[in-house]
Every structure is written in C-alpha cells, then in structure tokens.
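A.B. asks: Next up is a structure, given as structure tokens.
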Amino acid sequence: MKWLYYLLANRSFLLLLLVVNVVGTIYGYYWYRFQLAETPAVFLAFVPDSPTASLFFVMVLFAFLLKRNWPLFEALAVITLFKYGIWAVVMNILVYAKTGIMEMAAVMLIVSHGAMAIQGLLYTPFYRIKVRHLLLAGIWTFHNDVIDYVFLMMPRYQVLDQYIPEIGYFTFWLSVISVAVVYYLTQKQPFLKWNLS
C-alpha cells in the first residue's frame, strides 16, 4: 500500500490531478449554466454541488503542491466529493431504472463522479483535519441540503421530479454518512498519516 501513497504524493501526479480537477470544475459549472441563470443570487453558491466540491479539492491540491495543508478546504473537499460523487452515481442509475435508457452522458457522469468520490478518500492520510474543521464543513453540507430540498435548488433530473421528498431524505442520510466516514478516516486512524515532503 505504501507505493500508492508515494504515487499520491508525487509532484507530477499532483499536478496532473490538479489539471484534471480544474478542467472538471470548469466543465461542471458550464453544465449548470442554465440552472444558474435562473437561480436567485442568494442561492448561487449552493446550486452547483459537484463542481464546488471539486473546486474545494483544487484548493487542496494547490496547497499540497506548496507543501502545505489547508484543513478547512480538506474537510469541505473530502466530505462533498464523497457525498456528491455517490449522489450523482445513484441519481443516474435511478434515471436508467426509470427510463431504461443509459445515455453516453450518463455513463460519463457515473464514471467521473465515482472517481470524484474515491479521490477525496484516497488523500485522507495527507489531510490535517481537526474536529472544528469537520464541524464547519458539516454545517456547510447540511445547510446545502436545506437549500436544495427546502428551497428546491437541487440539481435537475426531470425524470425524478416526482421523487423529490425521497431523494431529499436519501441526501440527508448521505450527508450524515459522509461526515461520519470522514470523521472516522481522519480522526480515528492517526497511524495512517503521511507527509507530502
């Protein structure tokens, strides 16, 4: 397993991952362009869930390249990457279950969001997250759920519109699981800590 951590800490690999995440983040915001155009300004920061999660990770990778840690961004990144990565995979599978059609765009979303969820977790040995950072990231995450399912700003999957209450309930528990997983990996396994230098 040590070889994996050496690879993850490799400067060239970090730079490659940074480029991939920057491109993915830009495309993610572009994908939300129509919904963002109709979104009230007060909600704009909370609508593009996945690209904002990858933007947090871009900040983490940038800090790693500087041989630094920005723990609040680390907490925000790993929780939201895991949550929205899993969420998007599940939603696209549900669309397929409902329509019987698996479009190429859906396959791309499943693969990219699955990778998104995994990459955040892979770097947990490098994070320096404290409980206070988890608390703040948790508040952001649950607040985002309120914006999405109370003010109805969630990502649009028209095929699933009739299931919004059920999806909201699933999303709440996915938030709980995401925070719990990150708490366990960053606070209960200190022996896994690795340095970037």
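Residue numbering restarts at 1 in every chain; chains get A, B, ... in the order shown in the structure tokens, and ligands count up from 1 in that same order.
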So which residues touch Ile26 in chain A within 10 Å, counting only C-alpha atoms, skipping near sequence neighbours fewer than 5 positions away, as JSON, numbers by chain?
C.D. replies: {"A": [21, 31, 51, 52, 54, 55]}
A.B. asks: Name all residues at most 7 Å from Gly28 in chain A (count only C-alpha atoms; drop same-chain ones fewer than 4 positions away) and give them as a list in words.
C.D. replies: Gly24, Tyr32, Ser50 and Pro51 of chain A
A.B. asks: Between A:Leu44, A:Leu15, A:Ile167, A:Met108, which has the minimum distance to Val90 in chain A (counting only C-alpha atoms)?
C.D. replies: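 Closest candidate: A:Ile167.
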A.B. asks: Thr80 in chain A: which residues within 8 Å, counting only C-alpha atoms, same-chain residues fewer than 3 positions away excluded, as number ranges by chain?
C.D. replies: A: 49-50, 53, 76-77, 83-85, 141, 178
A.B. asks: What parts of range 96-166 of chain A does DSSP call helix (DSSP H, G or I)? I'd like the answer as an NGL selection string.
C.D. replies: :A and (96-99 or 104-122 or 124-126 or 131-149 or 158-166)
A.B. asks: Work out how far apart CA of Ile129 in chain A and CA of Trp70 in chain A are and give it in Å to one decimal.
C.D. replies: 8.4 Å
A.B. asks: Do you know which residues are at most 10 Å from Thr124 in chain A counting only C-alpha atoms, after dropping those on the same chain fewer than 6 positions away, and could you put them as a ChimeraX atom specification?
C.D. replies: /A:74-75,78,182,185-186,189,192-194
A.B. asks: Could those residues be written to a file, using C-alpha atoms, as a PDB file, in the first residue's frame?
C.D. replies:
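This is the output file result_11.pdb:
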ATOM      1  CA  GLU A  74      -9.599  19.493   3.040  1.00  0.00           C
ATOM      2  CA  ALA A  75     -12.693  18.867   5.172  1.00  0.00           C
ATOM      3  CA  VAL A  78     -13.467  15.218   1.145  1.00  0.00           C
ATOM      4  CA  VAL A 182     -14.539  11.389   7.052  1.00  0.00           C
ATOM      5  CA  LEU A 185     -10.800   8.232   8.480  1.00  0.00           C
ATOM      6  CA  THR A 186      -9.286  11.487   9.700  1.00  0.00           C
ATOM      7  CA  GLN A 189      -6.822   6.396  12.269  1.00  0.00           C
ATOM      8  CA  LEU A 192      -2.301   6.427   8.509  1.00  0.00           C
ATOM      9  CA  LYS A 193      -0.884   9.967   8.449  1.00  0.00           C
ATOM     10  CA  TRP A 194       1.563  10.664   5.634  1.00  0.00           C
TER      11      TRP A 194
END
A.B. asks: Identify, on the basis of only C-alpha atoms, every residue whose closest approach to Phe82 in chain A does not exceed 8 Å; exclude the query and any residue fewer than 3 positions from it along the same chain; express the result as an NGL selection string.
C.D. replies: :A and (78-79 or 85-86 or 116-118 or 120-121 or 178)
A.B. asks: I need the chosen residues saved as a PDB file, in the first residue's frame, with all heavy atoms.
C.D. replies:
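The result, stored in selection-v8.pdb:
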ATOM      1  N   VAL A  78     -13.276  16.665   1.010  1.00  0.00           N
ATOM      2  CA  VAL A  78     -13.467  15.218   1.145  1.00  0.00           C
ATOM      3  C   VAL A  78     -14.919  14.866   1.449  1.00  0.00           C
ATOM      4  O   VAL A  78     -15.460  13.889   0.917  1.00  0.00           O
ATOM      5  CB  VAL A  78     -12.483  14.617   2.180  1.00  0.00           C
ATOM      6  CG1 VAL A  78     -12.769  15.117   3.589  1.00  0.00           C
ATOM      7  CG2 VAL A  78     -12.518  13.091   2.111  1.00  0.00           C
ATOM      8  N   ILE A  79     -15.581  15.667   2.271  1.00  0.00           N
ATOM      9  CA  ILE A  79     -16.994  15.392   2.575  1.00  0.00           C
ATOM     10  C   ILE A  79     -17.849  15.572   1.333  1.00  0.00           C
ATOM     11  O   ILE A  79     -18.673  14.704   0.992  1.00  0.00           O
ATOM     12  CB  ILE A  79     -17.498  16.293   3.723  1.00  0.00           C
ATOM     13  CG1 ILE A  79     -16.862  15.873   5.048  1.00  0.00           C
ATOM     14  CG2 ILE A  79     -19.027  16.228   3.828  1.00  0.00           C
ATOM     15  CD1 ILE A  79     -17.152  16.833   6.201  1.00  0.00           C
ATOM     16  N   GLY A  85     -20.297  12.751  -5.181  1.00  0.00           N
ATOM     17  CA  GLY A  85     -19.877  11.690  -6.081  1.00  0.00           C
ATOM     18  C   GLY A  85     -20.842  10.516  -6.020  1.00  0.00           C
ATOM     19  O   GLY A  85     -21.350  10.050  -7.045  1.00  0.00           O
ATOM     20  N   ILE A  86     -21.135  10.051  -4.811  1.00  0.00           N
ATOM     21  CA  ILE A  86     -22.081   8.952  -4.624  1.00  0.00           C
ATOM     22  C   ILE A  86     -23.474   9.361  -5.085  1.00  0.00           C
ATOM     23  O   ILE A  86     -24.178   8.601  -5.757  1.00  0.00           O
ATOM     24  CB  ILE A  86     -22.122   8.522  -3.137  1.00  0.00           C
ATOM     25  CG1 ILE A  86     -20.752   8.006  -2.676  1.00  0.00           C
ATOM     26  CG2 ILE A  86     -23.216   7.475  -2.908  1.00  0.00           C
ATOM     27  CD1 ILE A  86     -20.276   6.764  -3.372  1.00  0.00           C
ATOM     28  N   MET A 116     -14.566  10.918  -8.535  1.00  0.00           N
ATOM     29  CA  MET A 116     -14.562  12.072  -7.649  1.00  0.00           C
ATOM     30  C   MET A 116     -14.671  11.633  -6.183  1.00  0.00           C
ATOM     31  O   MET A 116     -13.929  12.114  -5.314  1.00  0.00           O
ATOM     32  CB  MET A 116     -15.756  12.968  -8.020  1.00  0.00           C
ATOM     33  CG  MET A 116     -15.731  14.358  -7.468  1.00  0.00           C
ATOM     34  SD  MET A 116     -17.082  15.351  -8.175  1.00  0.00           S
ATOM     35  CE  MET A 116     -18.348  15.030  -6.964  1.00  0.00           C
ATOM     36  N   ALA A 117     -15.584  10.718  -5.914  1.00  0.00           N
ATOM     37  CA  ALA A 117     -15.778  10.228  -4.547  1.00  0.00           C
ATOM     38  C   ALA A 117     -14.526   9.522  -4.031  1.00  0.00           C
ATOM     39  O   ALA A 117     -14.118   9.707  -2.882  1.00  0.00           O
ATOM     40  CB  ALA A 117     -16.978   9.291  -4.494  1.00  0.00           C
ATOM     41  N   ILE A 118     -13.902   8.726  -4.902  1.00  0.00           N
ATOM     42  CA  ILE A 118     -12.730   7.939  -4.496  1.00  0.00           C
ATOM     43  C   ILE A 118     -11.512   8.818  -4.248  1.00  0.00           C
ATOM     44  O   ILE A 118     -10.776   8.625  -3.273  1.00  0.00           O
ATOM     45  CB  ILE A 118     -12.428   6.868  -5.563  1.00  0.00           C
ATOM     46  CG1 ILE A 118     -13.546   5.824  -5.594  1.00  0.00           C
ATOM     47  CG2 ILE A 118     -11.083   6.206  -5.302  1.00  0.00           C
ATOM     48  CD1 ILE A 118     -13.498   4.902  -6.793  1.00  0.00           C
ATOM     49  N   GLY A 120     -11.126  11.863  -3.217  1.00  0.00           N
ATOM     50  CA  GLY A 120     -11.132  12.575  -1.939  1.00  0.00           C
ATOM     51  C   GLY A 120     -10.737  11.676  -0.784  1.00  0.00           C
ATOM     52  O   GLY A 120      -9.975  12.076   0.101  1.00  0.00           O
ATOM     53  N   LEU A 121     -11.236  10.437  -0.812  1.00  0.00           N
ATOM     54  CA  LEU A 121     -10.920   9.484   0.263  1.00  0.00           C
ATOM     55  C   LEU A 121      -9.469   9.020   0.207  1.00  0.00           C
ATOM     56  O   LEU A 121      -8.842   8.801   1.244  1.00  0.00           O
ATOM     57  CB  LEU A 121     -11.857   8.278   0.196  1.00  0.00           C
ATOM     58  CG  LEU A 121     -13.347   8.545   0.448  1.00  0.00           C
ATOM     59  CD1 LEU A 121     -14.123   7.237   0.366  1.00  0.00           C
ATOM     60  CD2 LEU A 121     -13.572   9.222   1.791  1.00  0.00           C
ATOM     61  N   SER A 178     -21.443  10.687   5.018  1.00  0.00           N
ATOM     62  CA  SER A 178     -20.222  11.321   4.512  1.00  0.00           C
ATOM     63  C   SER A 178     -19.417  11.945   5.640  1.00  0.00           C
ATOM     64  O   SER A 178     -18.195  11.757   5.724  1.00  0.00           O
ATOM     65  CB  SER A 178     -20.587  12.390   3.470  1.00  0.00           C
ATOM     66  OG  SER A 178     -21.270  11.818   2.385  1.00  0.00           O
TER      67      SER A 178
END
A.B. asks: Can you pull out every residue within 12 Å of Thr39 in chain A, counting only C-alpha atoms, but drop anything in the same chain fewer than 6 positions away, and send it as a list in words?
C.D. replies: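 Counting only the stated atoms, we get Tyr32, Arg33, Ala45, Phe46, Val47, Pro48, Ile147, Asp148, Phe151, Leu152, Met153, Met154 and Pro155 of chain A.
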A.B. asks: Let's have the selection written as an mmCIF file, in the first residue's frame, with C-alpha atoms.
C.D. replies:
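Result saved to part_20.cif:
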data_model
loop_
_atom_site.group_PDB
_atom_site.id
_atom_site.type_symbol
_atom_site.label_atom_id
_atom_site.label_comp_id
_atom_site.auth_asym_id
_atom_site.auth_seq_id
_atom_site.Cartn_x
_atom_site.Cartn_y
_atom_site.Cartn_z
ATOM 1 C CA TYR A 32 -25.045 24.062 -14.535
ATOM 2 C CA ARG A 33 -25.157 27.197 -16.707
ATOM 3 C CA ALA A 45 -23.061 29.293 -4.126
ATOM 4 C CA PHE A 46 -25.184 26.263 -3.205
ATOM 5 C CA VAL A 47 -26.564 25.130 -6.562
ATOM 6 C CA PRO A 48 -23.536 23.687 -8.435
ATOM 7 C CA ILE A 147 -31.141 24.996 0.264
ATOM 8 C CA ASP A 148 -31.603 22.088 -2.144
ATOM 9 C CA PHE A 151 -35.879 25.973 -1.290
ATOM 10 C CA LEU A 152 -35.843 23.443 -4.173
ATOM 11 C CA MET A 153 -32.464 24.368 -5.630
ATOM 12 C CA MET A 154 -31.295 20.779 -6.136
ATOM 13 C CA PRO A 155 -29.725 19.607 -9.421
#
A.B. asks: Nearest to Phe64 in chain A among A:Val95, A:Val131, A:Leu18, A:Val176, with distances taken over only C-alpha atoms: which residue is it?
C.D. replies: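 Using only C-alpha atoms, Phe64 in chain A sits closest to A:Leu18.
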A.B. asks: Measure the distance from CA of Asn144 in chain A to CA of Lys130 in chain A in Å and round it to one decimal.
C.D. replies: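 About the pair CA of Asn144 in chain A and CA of Lys130 in chain A: they are 21.4 Å apart.
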